[in-house]
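Participant: So I've got this file, start_26.cif, and it contains mmCIF, C-alpha atoms and all ligand atoms:
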```cif
data_upload
loop_
_atom_site.label_atom_id
_atom_site.label_comp_id
_atom_site.auth_asym_id
_atom_site.auth_seq_id
_atom_site.Cartn_x
_atom_site.Cartn_y
_atom_site.Cartn_z
CA MET N 1 -40.44 -14.66 -16.72
CA LYS N 2 -37.34 -15.19 -18.88
CA SER N 3 -38.05 -16.99 -22.10
CA TYR N 4 -35.80 -18.63 -24.70
CA THR N 5 -36.46 -20.21 -28.07
CA ILE N 6 -34.54 -23.42 -28.71
CA ALA N 7 -34.25 -25.02 -32.14
CA LEU N 8 -34.43 -28.81 -31.80
CA LEU N 9 -32.54 -30.93 -34.31
CA ARG N 10 -33.54 -34.45 -33.30
CA GLY N 11 -31.84 -36.15 -36.26
CA ASP N 12 -31.61 -39.92 -36.65
CA GLY N 13 -31.23 -43.16 -34.69
CA ILE N 14 -31.39 -42.46 -30.95
CA GLY N 15 -31.39 -38.68 -31.68
CA PRO N 16 -35.17 -38.21 -31.17
CA GLU N 17 -35.21 -40.25 -27.93
CA ILE N 18 -32.33 -38.39 -26.25
CA VAL N 19 -33.42 -34.92 -27.42
CA ASP N 20 -36.90 -35.59 -26.03
CA SER N 21 -35.31 -36.55 -22.68
CA ALA N 22 -33.36 -33.27 -22.61
CA VAL N 23 -36.55 -31.33 -23.45
CA ARG N 24 -38.35 -32.93 -20.48
CA VAL N 25 -35.45 -32.06 -18.16
CA LEU N 26 -35.34 -28.46 -19.49
CA GLU N 27 -39.09 -28.11 -18.92
CA ALA N 28 -38.73 -29.38 -15.35
CA VAL N 29 -35.79 -27.11 -14.60
CA GLY N 30 -37.65 -24.21 -16.23
CA GLU N 31 -40.55 -24.71 -13.85
CA LYS N 32 -38.19 -24.69 -10.88
CA PHE N 33 -36.27 -21.56 -11.91
CA ALA N 34 -39.08 -19.63 -13.66
CA ILE N 35 -37.65 -19.95 -17.18
CA GLN N 36 -39.88 -20.53 -20.16
CA PHE N 37 -38.62 -22.49 -23.16
CA SER N 38 -40.21 -22.55 -26.56
CA PHE N 39 -39.04 -25.54 -28.63
CA LYS N 40 -39.03 -25.41 -32.44
CA PRO N 41 -38.21 -28.71 -34.20
CA TYR N 42 -36.37 -28.77 -37.56
CA LEU N 43 -35.26 -31.61 -39.79
CA ILE N 44 -31.60 -32.60 -40.18
CA GLY N 45 -29.58 -35.58 -41.42
CA GLY N 46 -31.23 -38.73 -42.73
CA ALA N 47 -34.67 -37.60 -41.53
CA ALA N 48 -34.30 -34.48 -43.70
CA ILE N 49 -33.07 -36.52 -46.69
CA ASP N 50 -36.15 -38.74 -46.43
CA ALA N 51 -38.55 -35.81 -46.10
CA CYS N 52 -37.08 -33.31 -48.55
CA GLY N 53 -34.12 -34.84 -50.37
CA GLU N 54 -31.30 -32.93 -48.65
CA PRO N 55 -29.55 -33.31 -45.27
CA LEU N 56 -29.68 -29.63 -44.27
CA PRO N 57 -32.79 -27.87 -45.61
CA LYS N 58 -32.77 -24.06 -45.81
CA ALA N 59 -35.62 -23.87 -43.28
CA THR N 60 -33.41 -25.67 -40.72
CA VAL N 61 -30.54 -23.21 -41.14
CA GLU N 62 -32.92 -20.24 -40.93
CA GLY N 63 -34.65 -21.70 -37.86
CA CYS N 64 -31.30 -22.25 -36.08
CA LEU N 65 -30.12 -18.71 -36.89
CA ALA N 66 -33.39 -17.25 -35.59
CA ALA N 67 -33.44 -19.28 -32.35
CA ASP N 68 -31.68 -18.32 -29.11
CA SER N 69 -29.83 -21.63 -29.15
CA VAL N 70 -29.75 -25.05 -30.81
CA LEU N 71 -29.93 -28.56 -29.34
CA LEU N 72 -28.85 -31.40 -31.63
CA GLY N 73 -29.26 -35.17 -31.14
CA ALA N 74 -27.21 -37.05 -33.74
CA VAL N 75 -27.36 -37.80 -37.45
CA GLY N 76 -26.59 -40.74 -39.73
CA GLY N 77 -27.27 -44.45 -40.05
CA PRO N 78 -26.86 -47.40 -42.41
CA LYS N 79 -29.92 -46.41 -44.46
CA TRP N 80 -28.04 -43.38 -45.85
CA ASP N 81 -24.47 -44.78 -45.89
CA ASN N 82 -24.33 -45.36 -49.63
CA LEU N 83 -25.45 -41.91 -50.75
CA PRO N 84 -22.91 -39.63 -52.50
CA GLY N 85 -20.78 -37.44 -50.16
CA HIS N 86 -22.75 -34.19 -50.60
CA LEU N 87 -26.00 -35.99 -49.67
CA ARG N 88 -24.69 -37.82 -46.59
CA PRO N 89 -26.39 -36.92 -43.28
CA GLU N 90 -22.99 -36.00 -41.74
CA LYS N 91 -22.62 -33.24 -44.37
CA ALA N 92 -25.34 -31.39 -42.43
CA LEU N 93 -23.08 -31.14 -39.36
CA LEU N 94 -20.34 -29.22 -41.18
CA GLY N 95 -23.04 -27.14 -42.91
CA ILE N 96 -24.77 -26.02 -39.74
CA ARG N 97 -21.45 -25.35 -37.93
CA SER N 98 -20.28 -23.15 -40.77
CA ALA N 99 -23.67 -21.37 -41.19
CA MET N 100 -23.64 -20.48 -37.49
CA GLY N 101 -19.94 -19.47 -37.45
CA LEU N 102 -19.17 -21.87 -34.60
CA PHE N 103 -15.42 -21.33 -34.10
CA THR N 104 -15.15 -22.79 -30.59
CA ASN N 105 -15.75 -26.35 -29.50
CA LEU N 106 -15.95 -26.95 -25.76
CA ARG N 107 -15.63 -30.55 -24.71
CA PRO N 108 -15.57 -31.42 -21.06
CA ALA N 109 -14.10 -34.79 -20.10
CA LYS N 110 -14.93 -35.59 -16.51
CA LEU N 111 -14.53 -38.80 -14.59
CA TYR N 112 -17.52 -39.19 -12.32
CA PRO N 113 -16.51 -40.67 -8.94
CA ALA N 114 -19.37 -43.18 -9.27
CA LEU N 115 -18.02 -44.30 -12.66
CA LYS N 116 -14.33 -44.72 -11.79
CA GLY N 117 -14.62 -48.41 -12.59
CA GLU N 118 -15.45 -47.52 -16.24
CA CYS N 119 -12.11 -45.75 -16.77
CA PRO N 120 -9.63 -47.84 -18.76
CA LEU N 121 -6.68 -46.34 -16.82
CA ARG N 122 -5.17 -47.96 -13.69
CA ALA N 123 -7.03 -47.14 -10.46
CA ASP N 124 -3.99 -45.39 -8.88
CA ILE N 125 -3.73 -43.00 -11.88
CA VAL N 126 -7.33 -41.81 -11.54
CA GLU N 127 -7.53 -41.96 -7.76
CA ASN N 128 -8.21 -38.19 -7.63
CA GLY N 129 -10.53 -38.24 -10.67
CA PHE N 130 -10.18 -35.61 -13.40
CA ASP N 131 -12.27 -32.82 -14.83
CA ILE N 132 -10.84 -31.41 -18.05
CA MET N 133 -12.31 -28.80 -20.41
CA ILE N 134 -10.88 -28.87 -23.92
CA VAL N 135 -11.30 -25.65 -25.89
CA ARG N 136 -10.76 -26.58 -29.54
CA GLU N 137 -10.54 -24.10 -32.43
CA LEU N 138 -13.18 -25.33 -34.88
CA THR N 139 -13.13 -23.32 -38.12
CA GLY N 140 -9.44 -22.79 -38.97
CA GLY N 141 -6.17 -24.68 -39.38
CA ILE N 142 -5.38 -27.62 -41.61
CA TYR N 143 -9.01 -28.81 -42.00
CA PHE N 144 -9.81 -25.58 -43.84
CA GLY N 145 -6.44 -24.81 -45.53
CA GLU N 146 -5.46 -25.09 -49.17
CA ARG N 147 -5.24 -28.69 -50.33
CA GLY N 148 -4.80 -30.68 -53.47
CA TYR N 149 -2.75 -33.05 -55.58
CA ARG N 150 0.39 -32.22 -57.55
CA GLU N 151 3.41 -33.77 -59.20
CA GLY N 152 6.19 -33.96 -56.60
CA LYS N 153 9.73 -35.28 -56.34
CA TYR N 154 8.45 -38.89 -56.23
CA GLY N 155 5.51 -38.47 -58.62
CA GLU N 156 1.91 -38.00 -57.47
CA GLU N 157 1.60 -36.33 -54.08
CA ALA N 158 -1.18 -34.83 -51.97
CA TYR N 159 -0.89 -31.85 -49.65
CA ASP N 160 -2.91 -30.02 -46.97
CA THR N 161 -1.80 -26.72 -45.50
CA GLU N 162 -2.15 -25.42 -41.97
CA ALA N 163 -2.69 -21.66 -41.64
CA TYR N 164 -3.73 -19.65 -38.58
CA SER N 165 -4.23 -15.91 -38.48
CA ARG N 166 -3.44 -13.79 -35.44
CA PHE N 167 -7.18 -12.95 -35.33
CA GLU N 168 -8.24 -16.60 -35.13
CA ILE N 169 -5.73 -17.38 -32.37
CA GLU N 170 -6.62 -14.27 -30.35
CA ARG N 171 -10.33 -15.12 -30.60
CA ILE N 172 -10.00 -18.72 -29.37
CA ALA N 173 -7.39 -17.76 -26.74
CA ARG N 174 -9.81 -15.25 -25.19
CA VAL N 175 -12.54 -17.93 -24.98
CA ALA N 176 -10.02 -20.22 -23.26
CA PHE N 177 -8.85 -17.60 -20.75
CA GLU N 178 -12.48 -16.68 -19.95
CA THR N 179 -13.29 -20.39 -19.50
CA ALA N 180 -10.30 -20.83 -17.19
CA ARG N 181 -11.42 -17.80 -15.20
CA LYS N 182 -14.75 -19.55 -14.49
CA ARG N 183 -12.95 -22.72 -13.37
CA SER N 184 -9.64 -23.29 -11.55
CA LYS N 185 -7.74 -20.49 -13.37
CA ARG N 186 -5.24 -22.89 -14.97
CA LEU N 187 -4.77 -23.08 -18.73
CA THR N 188 -2.56 -25.36 -20.82
CA SER N 189 -1.97 -24.25 -24.41
CA ILE N 190 -1.02 -27.16 -26.65
CA ASP N 191 0.99 -26.76 -29.85
CA LYS N 192 3.93 -28.12 -31.81
CA ALA N 193 6.08 -24.98 -31.64
CA ASN N 194 9.34 -26.95 -31.93
CA VAL N 195 8.41 -27.77 -35.56
CA LEU N 196 5.47 -25.74 -36.91
CA GLU N 197 5.46 -22.04 -37.80
CA THR N 198 1.69 -21.85 -37.10
CA SER N 199 2.36 -23.20 -33.61
CA ARG N 200 5.06 -20.56 -33.02
CA LEU N 201 2.55 -17.82 -33.87
CA TRP N 202 -0.05 -19.63 -31.73
CA ARG N 203 2.31 -19.65 -28.72
CA LYS N 204 3.34 -15.99 -29.22
CA VAL N 205 -0.28 -14.78 -29.46
CA VAL N 206 -1.46 -16.88 -26.48
CA HIS N 207 1.33 -15.29 -24.39
CA GLU N 208 0.29 -11.81 -25.53
CA ILE N 209 -3.36 -12.43 -24.60
CA ALA N 210 -2.17 -13.84 -21.26
CA GLN N 211 -1.12 -10.27 -20.33
CA GLU N 212 -4.85 -9.40 -20.22
CA TYR N 213 -5.47 -12.25 -17.76
CA PRO N 214 -2.85 -11.92 -14.98
CA ASP N 215 -5.03 -14.08 -12.69
CA ILE N 216 -4.72 -17.11 -14.99
CA GLU N 217 -1.72 -19.43 -14.78
CA VAL N 218 -0.86 -20.49 -18.33
CA CYS N 219 1.68 -23.03 -19.53
CA ASP N 220 2.63 -24.45 -22.95
CA MET N 221 2.87 -28.12 -23.79
CA LEU N 222 3.91 -29.87 -27.00
CA VAL N 223 1.13 -32.00 -28.45
CA ASP N 224 3.08 -35.26 -28.38
CA ASN N 225 3.81 -34.76 -24.69
CA ALA N 226 0.14 -33.81 -24.07
CA ALA N 227 -1.08 -37.06 -25.65
CA MET N 228 1.20 -38.93 -23.27
CA GLN N 229 0.35 -36.84 -20.18
CA LEU N 230 -3.40 -37.40 -20.73
CA VAL N 231 -2.97 -41.10 -19.97
CA ARG N 232 -0.06 -40.71 -17.51
CA ASN N 233 -1.62 -38.09 -15.22
CA PRO N 234 -4.91 -36.62 -16.51
CA SER N 235 -5.67 -34.78 -13.27
CA GLN N 236 -2.85 -32.27 -13.98
CA PHE N 237 -5.09 -30.63 -16.64
CA ASP N 238 -7.94 -28.22 -16.13
CA VAL N 239 -8.60 -26.08 -19.26
CA ILE N 240 -6.76 -26.98 -22.47
CA VAL N 241 -6.72 -24.76 -25.56
CA THR N 242 -5.52 -26.05 -28.90
CA SER N 243 -5.87 -25.95 -32.66
CA ASN N 244 -8.50 -27.71 -34.75
CA MET N 245 -6.62 -30.92 -35.58
CA PHE N 246 -4.79 -31.31 -32.26
CA GLY N 247 -8.11 -30.67 -30.48
CA ASP N 248 -9.90 -33.26 -32.61
CA ILE N 249 -7.42 -35.95 -31.60
CA LEU N 250 -6.88 -34.97 -27.95
CA SER N 251 -10.59 -34.55 -27.21
CA ASP N 252 -11.30 -38.08 -28.45
CA GLU N 253 -8.43 -39.38 -26.32
CA ALA N 254 -9.78 -37.50 -23.30
CA SER N 255 -13.32 -38.77 -23.87
CA GLN N 256 -12.13 -42.37 -24.00
CA ILE N 257 -10.42 -42.18 -20.61
CA THR N 258 -13.76 -41.27 -19.01
CA GLY N 259 -14.87 -44.69 -20.25
CA SER N 260 -18.43 -43.75 -21.17
CA ILE N 261 -19.45 -42.29 -24.53
CA GLY N 262 -23.10 -41.88 -23.45
CA MET N 263 -22.10 -39.36 -20.76
CA LEU N 264 -20.20 -36.65 -22.62
CA PRO N 265 -21.77 -33.35 -23.74
CA SER N 266 -20.30 -30.61 -25.95
CA ALA N 267 -20.90 -27.01 -26.91
CA SER N 268 -19.97 -25.25 -30.13
CA LEU N 269 -19.94 -21.48 -29.79
CA ASN N 270 -19.78 -18.39 -31.98
CA GLU N 271 -19.25 -14.73 -31.15
CA GLY N 272 -22.80 -14.14 -29.91
CA LYS N 273 -24.76 -15.94 -27.28
CA ARG N 274 -26.05 -18.51 -29.75
CA GLY N 275 -24.43 -21.85 -29.94
CA LEU N 276 -25.07 -25.46 -30.74
CA TYR N 277 -25.14 -28.12 -28.02
CA GLU N 278 -24.89 -31.84 -28.67
CA PRO N 279 -23.69 -35.13 -27.18
CA ILE N 280 -20.32 -36.28 -28.53
CA HIS N 281 -21.66 -39.70 -29.53
CA GLY N 282 -23.38 -40.61 -32.79
CA SER N 283 -26.85 -41.88 -33.63
CA ALA N 284 -26.22 -45.42 -32.27
CA PRO N 285 -28.40 -47.20 -34.87
CA ASP N 286 -27.74 -50.54 -33.11
CA ILE N 287 -29.94 -49.52 -30.15
CA ALA N 288 -32.29 -46.96 -31.79
CA GLY N 289 -35.96 -47.25 -30.86
CA GLN N 290 -35.30 -49.77 -28.07
CA GLY N 291 -35.36 -47.36 -25.12
CA LYS N 292 -31.76 -48.31 -24.28
CA ALA N 293 -30.01 -45.02 -25.03
CA ASN N 294 -28.29 -43.18 -22.21
CA PRO N 295 -29.78 -39.67 -22.28
CA ILE N 296 -27.18 -38.13 -19.92
CA ALA N 297 -24.83 -36.68 -22.60
CA THR N 298 -27.73 -34.80 -24.16
CA VAL N 299 -29.18 -33.73 -20.82
CA LEU N 300 -25.74 -32.37 -19.84
CA SER N 301 -25.50 -30.63 -23.24
CA ALA N 302 -28.75 -28.84 -22.34
CA GLY N 303 -27.08 -27.97 -19.02
CA MET N 304 -24.14 -26.43 -20.92
CA MET N 305 -26.63 -24.43 -23.00
CA LEU N 306 -28.17 -22.96 -19.86
CA LEU N 307 -24.73 -21.87 -18.69
CA TYR N 308 -23.03 -20.69 -21.88
CA ALA N 309 -25.94 -19.46 -24.00
CA PHE N 310 -28.22 -18.04 -21.32
CA GLY N 311 -26.00 -17.47 -18.25
CA GLU N 312 -28.53 -19.47 -16.16
CA THR N 313 -25.86 -20.73 -13.76
CA GLU N 314 -28.16 -22.06 -11.04
CA ALA N 315 -30.39 -23.96 -13.43
CA SER N 316 -27.34 -25.43 -15.16
CA GLU N 317 -25.80 -26.51 -11.86
CA ALA N 318 -29.12 -28.11 -10.86
CA ILE N 319 -28.92 -30.39 -13.91
CA VAL N 320 -25.28 -31.36 -13.29
CA SER N 321 -26.01 -32.05 -9.64
CA ALA N 322 -29.12 -34.14 -10.45
CA VAL N 323 -27.02 -36.31 -12.80
CA ASP N 324 -24.36 -36.69 -10.07
CA LYS N 325 -27.02 -37.80 -7.58
CA VAL N 326 -28.57 -40.33 -9.96
CA LEU N 327 -25.15 -41.90 -10.58
CA GLU N 328 -24.17 -41.84 -6.91
CA ALA N 329 -27.45 -43.61 -6.10
CA GLY N 330 -26.35 -46.39 -8.47
CA TYR N 331 -28.86 -45.93 -11.31
CA ARG N 332 -27.48 -46.96 -14.72
CA THR N 333 -28.66 -47.29 -18.30
CA ALA N 334 -27.66 -50.49 -20.16
CA ASP N 335 -24.38 -49.04 -21.52
CA LEU N 336 -23.06 -48.75 -17.94
CA ALA N 337 -24.89 -51.66 -16.28
CA HIS N 338 -22.72 -54.55 -17.54
CA GLY N 339 -25.67 -56.90 -17.84
CA ALA N 340 -27.24 -55.96 -14.49
CA PRO N 341 -30.84 -54.66 -14.55
CA ALA N 342 -30.81 -51.21 -16.18
CA LEU N 343 -33.08 -48.20 -16.50
CA SER N 344 -34.63 -47.37 -19.86
CA THR N 345 -34.05 -43.94 -21.46
CA THR N 346 -37.39 -42.73 -20.08
CA GLU N 347 -36.78 -44.14 -16.60
CA MET N 348 -33.34 -42.51 -16.42
CA THR N 349 -34.91 -39.20 -17.50
CA ASP N 350 -37.62 -39.55 -14.83
CA MET N 351 -34.93 -40.20 -12.22
CA ILE N 352 -32.90 -37.10 -13.23
CA ILE N 353 -36.08 -34.98 -13.04
CA LYS N 354 -36.85 -36.44 -9.61
CA MET N 355 -33.36 -35.46 -8.34
CA LEU N 356 -33.57 -31.86 -9.63
P1 LIG N 401 -22.01 -44.07 -32.13
O1 LIG N 401 -21.47 -43.08 -31.17
O2 LIG N 401 -23.34 -43.80 -32.71
O3 LIG N 401 -22.06 -45.52 -31.42
C1 LIG N 401 -20.91 -46.19 -30.93
C2 LIG N 401 -21.35 -47.21 -29.86
O4 LIG N 401 -21.71 -46.49 -28.68
C3 LIG N 401 -22.58 -48.02 -30.26
O5 LIG N 401 -22.45 -49.33 -29.75
C4 LIG N 401 -23.74 -47.32 -29.58
O6 LIG N 401 -24.82 -48.17 -29.27
C5 LIG N 401 -23.07 -46.77 -28.33
N1 LIG N 401 -23.69 -45.51 -27.89
C6 LIG N 401 -23.54 -44.28 -28.46
N2 LIG N 401 -24.28 -43.38 -27.82
C7 LIG N 401 -24.91 -44.03 -26.83
C8 LIG N 401 -25.83 -43.64 -25.82
N3 LIG N 401 -26.25 -42.38 -25.69
N4 LIG N 401 -26.29 -44.58 -24.98
C9 LIG N 401 -25.89 -45.86 -25.07
N5 LIG N 401 -25.01 -46.29 -25.99
C10 LIG N 401 -24.53 -45.38 -26.87
O7 LIG N 401 -20.92 -44.22 -33.29
P2 LIG N 401 -20.97 -45.06 -34.65
O8 LIG N 401 -21.64 -46.38 -34.41
O9 LIG N 401 -19.59 -45.04 -35.17
O10 LIG N 401 -21.86 -44.20 -35.63
C11 LIG N 401 -23.25 -44.42 -35.87
C12 LIG N 401 -23.76 -43.34 -36.80
O11 LIG N 401 -23.66 -42.07 -36.13
C13 LIG N 401 -22.99 -43.20 -38.09
O12 LIG N 401 -23.89 -42.96 -39.14
C14 LIG N 401 -22.08 -42.01 -37.84
O13 LIG N 401 -21.72 -41.33 -39.03
C15 LIG N 401 -22.98 -41.14 -36.98
N6 LIG N 401 -22.27 -40.17 -36.12
C16 LIG N 401 -22.93 -38.98 -35.92
C17 LIG N 401 -22.36 -38.05 -35.08
C18 LIG N 401 -23.13 -36.77 -34.84
O14 LIG N 401 -24.28 -36.67 -35.23
N7 LIG N 401 -22.52 -35.76 -34.21
C19 LIG N 401 -21.17 -38.31 -34.41
C20 LIG N 401 -20.55 -39.55 -34.61
C21 LIG N 401 -21.13 -40.48 -35.47
#
```
Please go through the file and, once you have read it, give me the structure as structure tokens.

Facilitator:
Amino acid sequence: MKSYTIALLRGDGIGPEIVDSAVRVLEAVGEKFAIQFSFKPYLIGGAAIDACGEPLPKATVEGCLAADSVLLGAVGGPKWDNLPGHLRPEKALLGIRSAMGLFTNLRPAKLYPALKGECPLRADIVENGFDIMIVRELTGGIYFGERGYREGKYGEEAYDTEAYSRFEIERIARVAFETARKRSKRLTSIDKANVLETSRLWRKVVHEIAQEYPDIEVCDMLVDNAAMQLVRNPSQFDVIVTSNMFGDILSDEASQITGSIGMLPSASLNEGKRGLYEPIHGSAPDIAGQGKANPIATVLSAGMMLLYAFGETEASEAIVSAVDKVLEAGYRTADLAHGAPALSTTEMTDMIIKML
């Protein structure tokens, strides 16, 4: 029997509830496909501050590095909002991403047919639905470049610099081409090559790597046009690859047009098979402990883990298909029920397990 160790970072707010849902779904899918999971919980965020005075204890980092993969709920909440920056729960997110060398962020944005009514775009625009995978570079670019304050032409000025090495672009481009190969073989590379030198290198290197993937159709798009195209005709996109900052902005835009923050998973990957999987939403302190949280984003994050970390394609597809069936059958948690009777977090989890 195959067996994997998963580090669980439940975190704060609804984090424990949704991670526990994903654990139950993983256990059920493990039984069906003869996979054994061993779960090791570690503290992170506010829960870690309360227990040991820091948001990312050493034991947590060591546990994540030793595990086969990591499942994270969410961190943060009003209780810790007034702490100094280095002690904020959110500091733990950057810390764990950097400790694990997670240079790729995969964020799918899919409009479920059953949830078309949730999309803020006009019905005729999303008639054919959309299913986009954004591959965002996560450890380079302007968020990590030289920055500071200096005396400029008009007095005090601040600056941030964007730098990308050929190595960093090649590495993320290969992930994107491989991702496209597993999907519809179409890739859009987004940059600002009409203005930025880093984007010109980005475009040149992406085209070079494209030679290794003759089966993938690749096109370039300027980021301003991409922001517009995402709301004009989202179904034209399949896989998108872009830099850290452009990816940050475009992936939030893409998630909003699906209309449902409680549905969207994500994966952050490094060179090896390890990775960190988490919902894109936060710790939702307003509904924590009330059994109202939608567990689907975290359950689908566990599904991405099965696919990307372990290559368990069938088990991963079983989770995605169970979620589809639950939605098609009309079951909703409160965030999607618009006041109609809704399932609790546990009931929704039970229903997904039933549909597996
Ligand atoms: P949020 O995503 O936690 O919540 C925004 C709104 O969406 C809330 O009304 C919430 O109830 C709802 N919501 C979110 N997830 C839901 C789910 N699964 N089911 C049902 N409803 C859901 O964003 P926020 O309110 O801006 O932030 C709350 C806290 O989370 C803050 O401390 C913030 O720093 C932190 N945060 C953490 C992460 C992370 O851990 N990766 C990401 C974003 C925000």

Participant: I'd like to know which of N:Thr60, N:Asn194, N:Asn82, N:Asn244 is closest to ligand LIG 401 (chain N), using only C-alpha atoms and all ligand atoms.

Facilitator: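 Ranking N:Thr60, N:Asn194, N:Asn82, N:Asn244 by distance to ligand LIG 401 (chain N), first place goes to N:Asn82.
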
Participant: For a quick check of understanding, using only C-alpha atoms and all ligand atoms, which of N:Arg171, N:Arg183, N:Lys91, N:Arg203 has the smallest distance to ligand LIG 401 (chain N)?

Facilitator: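 Smallest separation from ligand LIG 401 (chain N) among the options: N:Lys91.
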
Participant: Tell me which of N:Asp224, N:Glu118, N:Asp324, N:Glu157 sits closest to Met355 in chain N, counting all atoms listed in the file.

Facilitator: N:Asp324

Participant: How many Å lie between CA of Ile319 in chain N and CA of Ser21 in chain N, rounded to one decimal?

Facilitator: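 Separation between CA of Ile319 in chain N and CA of Ser21 in chain N: 12.5 Å.
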
Participant: Could you list, as a ChimeraX atom specification, all residues that come within 6 Å of ligand LIG 401 (chain N)? Count all atoms listed in the file.

Facilitator: /N:74-77,261-262,281-287,293-295,335

Participant: Would you please work out which residue, of N:Thr104, N:Ser344, N:Thr179, N:Ser301, is nearest to Asp238 in chain N when using only C-alpha atoms?

Facilitator: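 Of N:Thr104, N:Ser344, N:Thr179, N:Ser301, the one nearest Asp238 in chain N is N:Thr179, counting only C-alpha atoms.
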
Participant: Have a look at N:Glu178, N:Asp68, N:Asp131, N:Glu328 and name the one nearest to Lys40 in chain N; count all atoms listed in the file.

Facilitator: N:Asp68

Participant: I need the residue nearest Val135 in chain N from this list: N:Tyr159, N:Phe167, N:Phe39, N:Phe103. Use all atoms listed in the file for the distance.

Facilitator: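 Closest to Val135 in chain N, using all atoms listed in the file: N:Phe103.
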
Participant: If I take CA of Gly85 in chain N and CA of Glu54 in chain N, how far is one from the other in Å, to one decimal?

Facilitator: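 Interatomic distance, CA of Gly85 in chain N to CA of Glu54 in chain N: 11.5 Å.
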
Participant: In Å, rounded to a single decimal, give me how far CA of Leu115 in chain N is from CA of Pro341 in chain N.

Facilitator: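 CA of Pro341 in chain N sits 16.6 Å away from CA of Leu115 in chain N.
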
Participant: Name the residues in contact with Tyr213 in chain N at a cut-off of 10 Å, using all atoms listed in the file, excluding same-chain residues fewer than 5 positions from it; report them as a PyMOL selection string.

Facilitator: chain N and resi 174+177-178+180-181+185+207-208+218

Participant: Please list as a PDB file with C-alpha atoms, in the coordinates of the input every residue within 10 Å of Asn225 in chain N, counting all atoms listed in the file and excluding residues in the same chain fewer than 6 positions away.

Facilitator:
```
ATOM      1  CA  ILE N 190      -1.020 -27.160 -26.650  1.00  0.00           C
ATOM      2  CA  ASP N 191       0.990 -26.760 -29.850  1.00  0.00           C
ATOM      3  CA  LYS N 192       3.930 -28.120 -31.810  1.00  0.00           C
TER       4      LYS N 192
END
```

Participant: Take every atom of range 89-92 of chain N listed in the file, pad by 6 Å on each side, and give me the axis-aligned box centre and edge lengths in Å, one decimal, as AutoDock Vina command-line options.

Facilitator:
```
--center_x -24.5 --center_y -34.2 --center_z -43.1 --size_x 15.8 --size_y 17.5 --size_z 14.6
```

Participant: How would you write as a PDB file with C-alpha atoms, in the frame of the given file the residues that get within 7 Å of (-3.9, -39.3, -11.9) in the file's frame, counting all atoms listed in the file?

Facilitator:
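Below you can see part.pdb, which holds the result:
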```
ATOM      1  CA  ASP N 124      -3.990 -45.390  -8.880  1.00  0.00           C
ATOM      2  CA  ILE N 125      -3.730 -43.000 -11.880  1.00  0.00           C
ATOM      3  CA  VAL N 126      -7.330 -41.810 -11.540  1.00  0.00           C
ATOM      4  CA  GLU N 127      -7.530 -41.960  -7.760  1.00  0.00           C
ATOM      5  CA  ASN N 128      -8.210 -38.190  -7.630  1.00  0.00           C
ATOM      6  CA  GLY N 129     -10.530 -38.240 -10.670  1.00  0.00           C
ATOM      7  CA  ARG N 232      -0.060 -40.710 -17.510  1.00  0.00           C
ATOM      8  CA  ASN N 233      -1.620 -38.090 -15.220  1.00  0.00           C
ATOM      9  CA  PRO N 234      -4.910 -36.620 -16.510  1.00  0.00           C
ATOM     10  CA  SER N 235      -5.670 -34.780 -13.270  1.00  0.00           C
TER      11      SER N 235
END
```

Participant: Need to verify the contact set: Gln36 in chain N, 12 Å, all atoms listed in the file, exclusion of same-chain residues closer than 4 positions in sequence. Can you return it as a PyMOL selection string?

Facilitator: chain N and resi 1-6+23+26-32+306+310

Participant: Write the residues you've just listed into a file as a PDB file, in the frame of the given file, and include C-alpha atoms for each of them.

Facilitator:
```pdb
ATOM      1  CA  MET N   1     -40.440 -14.660 -16.720  1.00  0.00           C
ATOM      2  CA  LYS N   2     -37.340 -15.190 -18.880  1.00  0.00           C
ATOM      3  CA  SER N   3     -38.050 -16.990 -22.100  1.00  0.00           C
ATOM      4  CA  TYR N   4     -35.800 -18.630 -24.700  1.00  0.00           C
ATOM      5  CA  THR N   5     -36.460 -20.210 -28.070  1.00  0.00           C
ATOM      6  CA  ILE N   6     -34.540 -23.420 -28.710  1.00  0.00           C
ATOM      7  CA  VAL N  23     -36.550 -31.330 -23.450  1.00  0.00           C
ATOM      8  CA  LEU N  26     -35.340 -28.460 -19.490  1.00  0.00           C
ATOM      9  CA  GLU N  27     -39.090 -28.110 -18.920  1.00  0.00           C
ATOM     10  CA  ALA N  28     -38.730 -29.380 -15.350  1.00  0.00           C
ATOM     11  CA  VAL N  29     -35.790 -27.110 -14.600  1.00  0.00           C
ATOM     12  CA  GLY N  30     -37.650 -24.210 -16.230  1.00  0.00           C
ATOM     13  CA  GLU N  31     -40.550 -24.710 -13.850  1.00  0.00           C
ATOM     14  CA  LYS N  32     -38.190 -24.690 -10.880  1.00  0.00           C
ATOM     15  CA  LEU N 306     -28.170 -22.960 -19.860  1.00  0.00           C
ATOM     16  CA  PHE N 310     -28.220 -18.040 -21.320  1.00  0.00           C
TER      17      PHE N 310
END
```

Participant: Within 10 Å of (-6.9, -31.0, -30.8), all atoms listed in the file: residues as number ranges by chain?

Facilitator: N: 134-138, 190-191, 223, 227, 240-253
